[in-house]
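**Q** Have a look at the structure that comes next, please.
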Amino acid sequence: MIQHLQDTTILHNGVKMPWLGLGVFQVEEGAELVQAVKAAIAHGYRSIDTAAIYQNEGGVGQAIREALDENNLTREELFITSKVWNADLGYESTLAAYETSLAKLGLEYLDLYLIHWPKAGKYKEAWRAMETLYKEGRVKAIGVSNFQIHHLEDVMNGGEIKPMVNQVELHPHLIQQDLLDFCQEQGIQLEAWSPLMQGQLLEHPALQSIAAKHSKSVAQVILRWDLQRGIVTIPKSTKEHRIIENASVFDFELSAEDVAQISGLNQNKRIGPDPDNFDF
């Protein structure tokens with residue numbers, strides 16, 4: 001059982017990745033962002049997830065530098081993820097995008113670099129660039145985001161290195177069971193973005209009932225459900241009390257019946273774009 005905020009899963013290349021991290025999607029540059037990241041690290045988070053398109057890598061980098069200093073940590077104790085945006089998918093452009101992200105973050109390397117979306121006709125060249133970055137030791141692990149099974153198969157058929165992570169929209173209304181099964185068979189770590197469905201599930205009666213049984217919040221129950229299914233999860237919050245609450249999921253365990261009941265809420269309902277049908 002995962003018992004601590006700093007417990008890790010081991011990716012197929014041996015790199016350790018924390019099971020729970022902080023996401024910063026839709027958090028603008030500024031003091032709120034810096035304080036959120038610093039609060040997370042101060043309260044024991046070691047994984048921070050950003051992306052070029054979020055336009056907040058500069059603030060994330062500032063927060064990391066200040067948090068390392070204030071908490072007497074080393075860079076190696078953190079796990080930092082960013083993602084290459086669709087406009088930069090291509091061999092040379094992906095290599096350049098990586099350097100841009102590093103410069104904005106003020107870091108010498110990333111722990112994980114992801115292709116943000118499976119843009120048709122472009123992601124395979126981008127993957128070749130990711131492999132180059134990885135083979136050169138510039139990044140600790142490489143992966144993808146929002147990839148369906150057929151996208152993963154396409155990358156694996158044409159590439160030398162299997163993605164280490166696939167980060168996708170995943171929550172009780174979109175449980176992604178087939179994708180989870182495939183990734184687990186292939187040794188690809190599945191990671192959930194928007195695990196709380198941007199707050200839309202917090203009033204759900206069935207989830208509230210399970211939460212009451214465990215004397216936990218609905219958010220904590222959902223995050224625990226992720227972890228017990230073997231899914232890395234990165235809830236977003238800028239409020240310190242929520243950041244603390246989201247990490248307090250290691251002192252209880254859902255029963256098999258609880259897990260099945262939560263999974264039974266699946267509607268295959270997305271709040272984000274469909275990876276097979278997007279135009280950006």
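Letters for chains follow the order of the structure tokens (A, B, ...), residue numbers begin at 1 for each chain, and ligand numbers begin at 1 in the order shown.
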Might you pull out every residue within 12 Å of His116 of chain A, with only C-alpha atoms counted and same-chain residues fewer than 6 positions away left off, and present them as a ChimeraX atom specification?

**A** /A:49-54,81-89,94,122-123,126-127,142-147,165-169,193,275,280

**Q** My list of candidates is A:His173, A:Arg128, A:Lys38, A:His12. Which is closest to Arg270 of chain A when distances are computed with only C-alpha atoms?

**A**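 Looking at the shortest contact to Arg270 of chain A, the residue is A:His173.
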
**Q** Please, which residues of segment 1-200 of chain A, numbered as in this document, come out alpha helix (DSSP H) from DSSP, as a tab-separated table (two decimals) with N, CA, C and O atoms, in the first residue's frame?

**A**
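File result-v8.tsv, as written:
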```
chain	number	residue	atom	x	y	z
A	31	ALA	N	2.07	35.93	-7.97
A	31	ALA	CA	2.31	35.55	-6.58
A	31	ALA	C	1.51	34.32	-6.17
A	31	ALA	O	2.01	33.48	-5.41
A	32	GLU	N	0.26	34.20	-6.66
A	32	GLU	CA	-0.57	33.05	-6.26
A	32	GLU	C	0.07	31.73	-6.71
A	32	GLU	O	0.10	30.76	-5.95
A	33	LEU	N	0.58	31.72	-7.92
A	33	LEU	CA	1.26	30.53	-8.45
A	33	LEU	C	2.49	30.21	-7.61
A	33	LEU	O	2.68	29.05	-7.18
A	34	VAL	N	3.33	31.20	-7.38
A	34	VAL	CA	4.57	30.98	-6.63
A	34	VAL	C	4.26	30.45	-5.24
A	34	VAL	O	4.87	29.48	-4.77
A	35	GLN	N	3.27	31.06	-4.58
A	35	GLN	CA	2.92	30.63	-3.23
A	35	GLN	C	2.35	29.22	-3.21
A	35	GLN	O	2.61	28.44	-2.28
A	36	ALA	N	1.56	28.86	-4.22
A	36	ALA	CA	0.97	27.51	-4.27
A	36	ALA	C	2.07	26.45	-4.40
A	36	ALA	O	2.06	25.44	-3.69
A	37	VAL	N	3.00	26.67	-5.32
A	37	VAL	CA	4.08	25.70	-5.52
A	37	VAL	C	4.97	25.62	-4.28
A	37	VAL	O	5.34	24.53	-3.83
A	38	LYS	N	5.27	26.76	-3.71
A	38	LYS	CA	6.09	26.76	-2.49
A	38	LYS	C	5.38	26.07	-1.34
A	38	LYS	O	6.00	25.31	-0.57
A	39	ALA	N	4.06	26.30	-1.21
A	39	ALA	CA	3.30	25.65	-0.13
A	39	ALA	C	3.31	24.14	-0.32
A	39	ALA	O	3.49	23.38	0.64
A	40	ALA	N	3.13	23.70	-1.57
A	40	ALA	CA	3.11	22.26	-1.83
A	40	ALA	C	4.44	21.62	-1.43
A	40	ALA	O	4.47	20.59	-0.74
A	41	ILE	N	5.53	22.23	-1.84
A	41	ILE	CA	6.86	21.67	-1.53
A	41	ILE	C	7.10	21.71	-0.01
A	41	ILE	O	7.60	20.75	0.58
A	42	ALA	N	6.70	22.81	0.63
A	42	ALA	CA	6.89	22.92	2.09
A	42	ALA	C	6.10	21.84	2.83
A	42	ALA	O	6.54	21.37	3.88
A	57	GLU	N	5.77	28.64	-16.66
A	57	GLU	CA	7.02	27.96	-16.30
A	57	GLU	C	7.97	28.88	-15.54
A	57	GLU	O	8.70	28.43	-14.66
A	58	GLY	N	7.93	30.18	-15.85
A	58	GLY	CA	8.81	31.12	-15.14
A	58	GLY	C	8.49	31.18	-13.66
A	58	GLY	O	9.39	31.13	-12.81
A	59	GLY	N	7.20	31.28	-13.34
A	59	GLY	CA	6.79	31.33	-11.94
A	59	GLY	C	7.04	30.03	-11.22
A	59	GLY	O	7.42	30.02	-10.03
A	60	VAL	N	6.83	28.92	-11.91
A	60	VAL	CA	7.11	27.61	-11.32
A	60	VAL	C	8.60	27.51	-10.99
A	60	VAL	O	8.98	27.05	-9.91
A	61	GLY	N	9.42	27.96	-11.91
A	61	GLY	CA	10.86	27.92	-11.67
A	61	GLY	C	11.28	28.78	-10.49
A	61	GLY	O	12.11	28.37	-9.67
A	62	GLN	N	10.70	29.98	-10.40
A	62	GLN	CA	10.99	30.87	-9.26
A	62	GLN	C	10.60	30.19	-7.95
A	62	GLN	O	11.36	30.19	-6.98
A	63	ALA	N	9.42	29.58	-7.94
A	63	ALA	CA	8.94	28.91	-6.73
A	63	ALA	C	9.84	27.75	-6.34
A	63	ALA	O	10.13	27.54	-5.16
A	64	ILE	N	10.30	27.00	-7.34
A	64	ILE	CA	11.19	25.87	-7.07
A	64	ILE	C	12.48	26.36	-6.42
A	64	ILE	O	12.94	25.82	-5.40
A	65	ARG	N	13.07	27.41	-6.99
A	65	ARG	CA	14.34	27.93	-6.45
A	65	ARG	C	14.15	28.39	-5.00
A	65	ARG	O	14.97	28.08	-4.13
A	66	GLU	N	13.07	29.12	-4.74
A	66	GLU	CA	12.85	29.63	-3.39
A	66	GLU	C	12.54	28.48	-2.42
A	66	GLU	O	13.01	28.48	-1.28
A	67	ALA	N	11.76	27.51	-2.89
A	67	ALA	CA	11.39	26.38	-2.02
A	67	ALA	C	12.60	25.51	-1.69
A	67	ALA	O	12.72	25.02	-0.55
A	68	LEU	N	13.48	25.29	-2.66
A	68	LEU	CA	14.68	24.51	-2.39
A	68	LEU	C	15.50	25.17	-1.29
A	68	LEU	O	15.96	24.50	-0.35
A	69	ASP	N	15.64	26.48	-1.39
A	69	ASP	CA	16.43	27.23	-0.42
A	69	ASP	C	15.76	27.22	0.95
A	69	ASP	O	16.40	26.95	1.98
A	70	GLU	N	14.45	27.47	0.98
A	70	GLU	CA	13.74	27.61	2.25
A	70	GLU	C	13.55	26.28	2.97
A	70	GLU	O	13.41	26.25	4.20
A	91	TYR	N	10.88	17.45	-35.15
A	91	TYR	CA	12.14	17.05	-34.55
A	91	TYR	C	12.91	18.24	-34.00
A	91	TYR	O	13.11	18.36	-32.78
A	92	GLU	N	13.32	19.16	-34.87
A	92	GLU	CA	14.12	20.30	-34.41
A	92	GLU	C	13.32	21.21	-33.48
A	92	GLU	O	13.85	21.74	-32.50
A	93	SER	N	12.04	21.40	-33.80
A	93	SER	CA	11.23	22.32	-33.00
A	93	SER	C	10.97	21.78	-31.59
A	93	SER	O	10.88	22.55	-30.63
A	94	THR	N	10.88	20.46	-31.45
A	94	THR	CA	10.72	19.88	-30.11
A	94	THR	C	12.00	20.02	-29.30
A	94	THR	O	11.95	20.34	-28.10
A	95	LEU	N	13.14	19.80	-29.94
A	95	LEU	CA	14.42	20.01	-29.25
A	95	LEU	C	14.53	21.46	-28.77
A	95	LEU	O	14.94	21.72	-27.62
A	96	ALA	N	14.14	22.40	-29.63
A	96	ALA	CA	14.20	23.82	-29.26
A	96	ALA	C	13.21	24.14	-28.15
A	96	ALA	O	13.52	24.93	-27.24
A	97	ALA	N	12.02	23.54	-28.21
A	97	ALA	CA	11.01	23.79	-27.19
A	97	ALA	C	11.49	23.33	-25.81
A	97	ALA	O	11.20	23.97	-24.79
A	98	TYR	N	12.22	22.22	-25.79
A	98	TYR	CA	12.76	21.72	-24.53
A	98	TYR	C	13.72	22.75	-23.92
A	98	TYR	O	13.66	23.04	-22.72
A	99	GLU	N	14.60	23.29	-24.76
A	99	GLU	CA	15.55	24.29	-24.27
A	99	GLU	C	14.82	25.52	-23.75
A	99	GLU	O	15.22	26.12	-22.73
A	100	THR	N	13.76	25.92	-24.44
A	100	THR	CA	12.98	27.09	-24.01
A	100	THR	C	12.34	26.84	-22.65
A	100	THR	O	12.37	27.70	-21.76
A	101	SER	N	11.76	25.65	-22.47
A	101	SER	CA	11.14	25.31	-21.18
A	101	SER	C	12.18	25.31	-20.06
A	101	SER	O	11.94	25.83	-18.97
A	102	LEU	N	13.34	24.70	-20.33
A	102	LEU	CA	14.40	24.68	-19.32
A	102	LEU	C	14.81	26.09	-18.93
A	102	LEU	O	14.99	26.40	-17.75
A	103	ALA	N	14.95	26.97	-19.94
A	103	ALA	CA	15.38	28.34	-19.67
A	103	ALA	C	14.34	29.08	-18.83
A	103	ALA	O	14.69	29.80	-17.89
A	104	LYS	N	13.07	28.90	-19.16
A	104	LYS	CA	12.02	29.58	-18.40
A	104	LYS	C	11.97	29.06	-16.96
A	104	LYS	O	11.77	29.83	-16.02
A	105	LEU	N	12.13	27.76	-16.81
A	105	LEU	CA	12.12	27.15	-15.47
A	105	LEU	C	13.40	27.43	-14.70
A	105	LEU	O	13.42	27.33	-13.47
A	123	TYR	N	3.35	13.94	-34.13
A	123	TYR	CA	3.86	13.46	-32.85
A	123	TYR	C	4.99	12.44	-33.00
A	123	TYR	O	5.81	12.30	-32.09
A	124	LYS	N	5.07	11.77	-34.15
A	124	LYS	CA	6.14	10.77	-34.29
A	124	LYS	C	7.51	11.43	-34.44
A	124	LYS	O	8.50	10.96	-33.87
A	125	GLU	N	7.57	12.53	-35.18
A	125	GLU	CA	8.84	13.27	-35.27
A	125	GLU	C	9.20	13.87	-33.92
A	125	GLU	O	10.37	13.90	-33.53
A	126	ALA	N	8.18	14.35	-33.22
A	126	ALA	CA	8.42	14.88	-31.87
A	126	ALA	C	8.96	13.78	-30.96
A	126	ALA	O	9.86	14.02	-30.14
A	127	TRP	N	8.41	12.57	-31.11
A	127	TRP	CA	8.88	11.47	-30.27
A	127	TRP	C	10.34	11.14	-30.56
A	127	TRP	O	11.12	10.83	-29.64
A	128	ARG	N	10.73	11.24	-31.82
A	128	ARG	CA	12.14	11.01	-32.18
A	128	ARG	C	13.03	12.02	-31.44
A	128	ARG	O	14.12	11.68	-30.95
A	129	ALA	N	12.57	13.26	-31.33
A	129	ALA	CA	13.32	14.28	-30.59
A	129	ALA	C	13.36	13.96	-29.11
A	129	ALA	O	14.40	14.13	-28.44
A	130	MET	N	12.25	13.47	-28.57
A	130	MET	CA	12.23	13.08	-27.16
A	130	MET	C	13.25	11.97	-26.90
A	130	MET	O	13.96	11.99	-25.89
A	131	GLU	N	13.31	11.02	-27.82
A	131	GLU	CA	14.29	9.93	-27.68
A	131	GLU	C	15.71	10.47	-27.68
A	131	GLU	O	16.57	10.01	-26.91
A	132	THR	N	15.96	11.46	-28.53
A	132	THR	CA	17.29	12.08	-28.58
A	132	THR	C	17.62	12.74	-27.25
A	132	THR	O	18.72	12.55	-26.70
A	133	LEU	N	16.69	13.52	-26.73
A	133	LEU	CA	16.91	14.18	-25.44
A	133	LEU	C	17.19	13.16	-24.34
A	133	LEU	O	18.07	13.36	-23.51
A	134	TYR	N	16.44	12.07	-24.39
A	134	TYR	CA	16.61	11.03	-23.37
A	134	TYR	C	17.97	10.33	-23.52
A	134	TYR	O	18.70	10.15	-22.53
A	135	LYS	N	18.32	9.95	-24.74
A	135	LYS	CA	19.58	9.23	-24.97
A	135	LYS	C	20.78	10.10	-24.64
A	135	LYS	O	21.84	9.59	-24.23
A	149	ILE	N	-4.99	4.32	-26.95
A	149	ILE	CA	-4.24	3.09	-27.20
A	149	ILE	C	-3.61	3.10	-28.59
A	149	ILE	O	-2.43	2.76	-28.76
A	150	HIS	N	-4.37	3.50	-29.61
A	150	HIS	CA	-3.82	3.44	-30.98
A	150	HIS	C	-2.68	4.43	-31.18
A	150	HIS	O	-1.75	4.17	-31.95
A	151	HIS	N	-2.71	5.56	-30.47
A	151	HIS	CA	-1.58	6.50	-30.54
A	151	HIS	C	-0.33	5.88	-29.92
A	151	HIS	O	0.78	6.01	-30.46
A	152	LEU	N	-0.52	5.23	-28.78
A	152	LEU	CA	0.61	4.58	-28.11
A	152	LEU	C	1.20	3.49	-28.98
A	152	LEU	O	2.44	3.37	-29.11
A	153	GLU	N	0.34	2.69	-29.59
A	153	GLU	CA	0.82	1.62	-30.48
A	153	GLU	C	1.60	2.21	-31.65
A	153	GLU	O	2.64	1.67	-32.06
A	154	ASP	N	1.13	3.33	-32.18
A	154	ASP	CA	1.80	3.99	-33.30
A	154	ASP	C	3.20	4.45	-32.90
A	154	ASP	O	4.18	4.23	-33.64
A	155	VAL	N	3.31	5.06	-31.73
A	155	VAL	CA	4.61	5.52	-31.24
A	155	VAL	C	5.55	4.34	-31.00
A	155	VAL	O	6.73	4.35	-31.39
A	156	MET	N	5.02	3.30	-30.39
A	156	MET	CA	5.87	2.13	-30.06
A	156	MET	C	6.30	1.39	-31.33
A	156	MET	O	7.42	0.88	-31.38
A	157	ASN	N	5.45	1.35	-32.33
A	157	ASN	CA	5.81	0.67	-33.58
A	157	ASN	C	6.91	1.40	-34.34
A	157	ASN	O	7.73	0.77	-35.00
A	158	GLY	N	6.94	2.73	-34.23
A	158	GLY	CA	7.92	3.50	-34.99
A	158	GLY	C	9.12	3.95	-34.20
A	158	GLY	O	10.10	4.43	-34.77
A	177	GLN	N	-10.65	2.54	-18.22
A	177	GLN	CA	-10.21	1.20	-17.81
A	177	GLN	C	-9.41	0.49	-18.89
A	177	GLN	O	-8.38	-0.13	-18.61
A	178	ASP	N	-9.87	0.55	-20.15
A	178	ASP	CA	-9.15	-0.13	-21.24
A	178	ASP	C	-7.75	0.44	-21.41
A	178	ASP	O	-6.78	-0.30	-21.61
A	179	LEU	N	-7.66	1.76	-21.32
A	179	LEU	CA	-6.35	2.42	-21.45
A	179	LEU	C	-5.46	2.06	-20.26
A	179	LEU	O	-4.26	1.80	-20.44
A	180	LEU	N	-6.03	2.02	-19.07
A	180	LEU	CA	-5.26	1.63	-17.89
A	180	LEU	C	-4.73	0.21	-18.04
A	180	LEU	O	-3.55	-0.06	-17.78
A	181	ASP	N	-5.60	-0.71	-18.48
A	181	ASP	CA	-5.18	-2.10	-18.66
A	181	ASP	C	-4.05	-2.20	-19.67
A	181	ASP	O	-3.05	-2.90	-19.45
A	182	PHE	N	-4.19	-1.47	-20.78
A	182	PHE	CA	-3.16	-1.51	-21.83
A	182	PHE	C	-1.83	-0.96	-21.29
A	182	PHE	O	-0.76	-1.57	-21.49
A	183	CYS	N	-1.89	0.19	-20.61
A	183	CYS	CA	-0.66	0.80	-20.10
A	183	CYS	C	0.01	-0.09	-19.07
A	183	CYS	O	1.24	-0.23	-19.06
A	184	GLN	N	-0.77	-0.72	-18.22
A	184	GLN	CA	-0.19	-1.62	-17.23
A	184	GLN	C	0.45	-2.84	-17.88
A	184	GLN	O	1.52	-3.29	-17.46
A	185	GLU	N	-0.18	-3.35	-18.93
A	185	GLU	CA	0.42	-4.48	-19.67
A	185	GLU	C	1.74	-4.08	-20.31
A	185	GLU	O	2.68	-4.89	-20.39
A	186	GLN	N	1.83	-2.83	-20.76
A	186	GLN	CA	3.02	-2.36	-21.47
A	186	GLN	C	4.07	-1.74	-20.55
A	186	GLN	O	5.14	-1.35	-21.03
```

**Q** Just checking: using only C-alpha atoms, which residue out of A:Gly137, A:Gly106, A:Gly21, A:Pro163 ends up closest to Pro235 of chain A?

**A** A:Gly21

**Q** Would you give me, as a Markdown table, each residue of segment 19-64 of chain A having an atom within 10 Å of an atom of segment 246-249 of chain A, along with its shortest atom pair and that distance in Å to one decimal, using only C-alpha atoms and sorting by chain and residue number?

**A**
```
| residue | atom | partner | partner_atom | distance |
| --- | --- | --- | --- | --- |
| A:Leu20 | CA | A:Ala247 | CA | 7.5 |
| A:Gly21 | CA | A:Ala247 | CA | 8.6 |
| A:Leu22 | CA | A:Asn246 | CA | 9.4 |
| A:Ala40 | CA | A:Ala247 | CA | 9.2 |
| A:His43 | CA | A:Ala247 | CA | 8.7 |
| A:Gly44 | CA | A:Ala247 | CA | 8.6 |
| A:Tyr45 | CA | A:Ala247 | CA | 8.0 |
```

**Q** Smallest atom-to-atom distance to Lys239 of chain A: which of A:Asp7, A:Lys16, A:Leu110, A:Val24, using only C-alpha atoms?

**A** A:Val24

**Q** Skipping near chain neighbours, those fewer than 4 positions away, what residues fall within 8 Å of segment 204-217 of chain A using only C-alpha atoms, listed as a list in words?

**A**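 Skipping anything fewer than 4 positions along the chain leaves Val221, Phe252, Asp258 and Ile262 of chain A.
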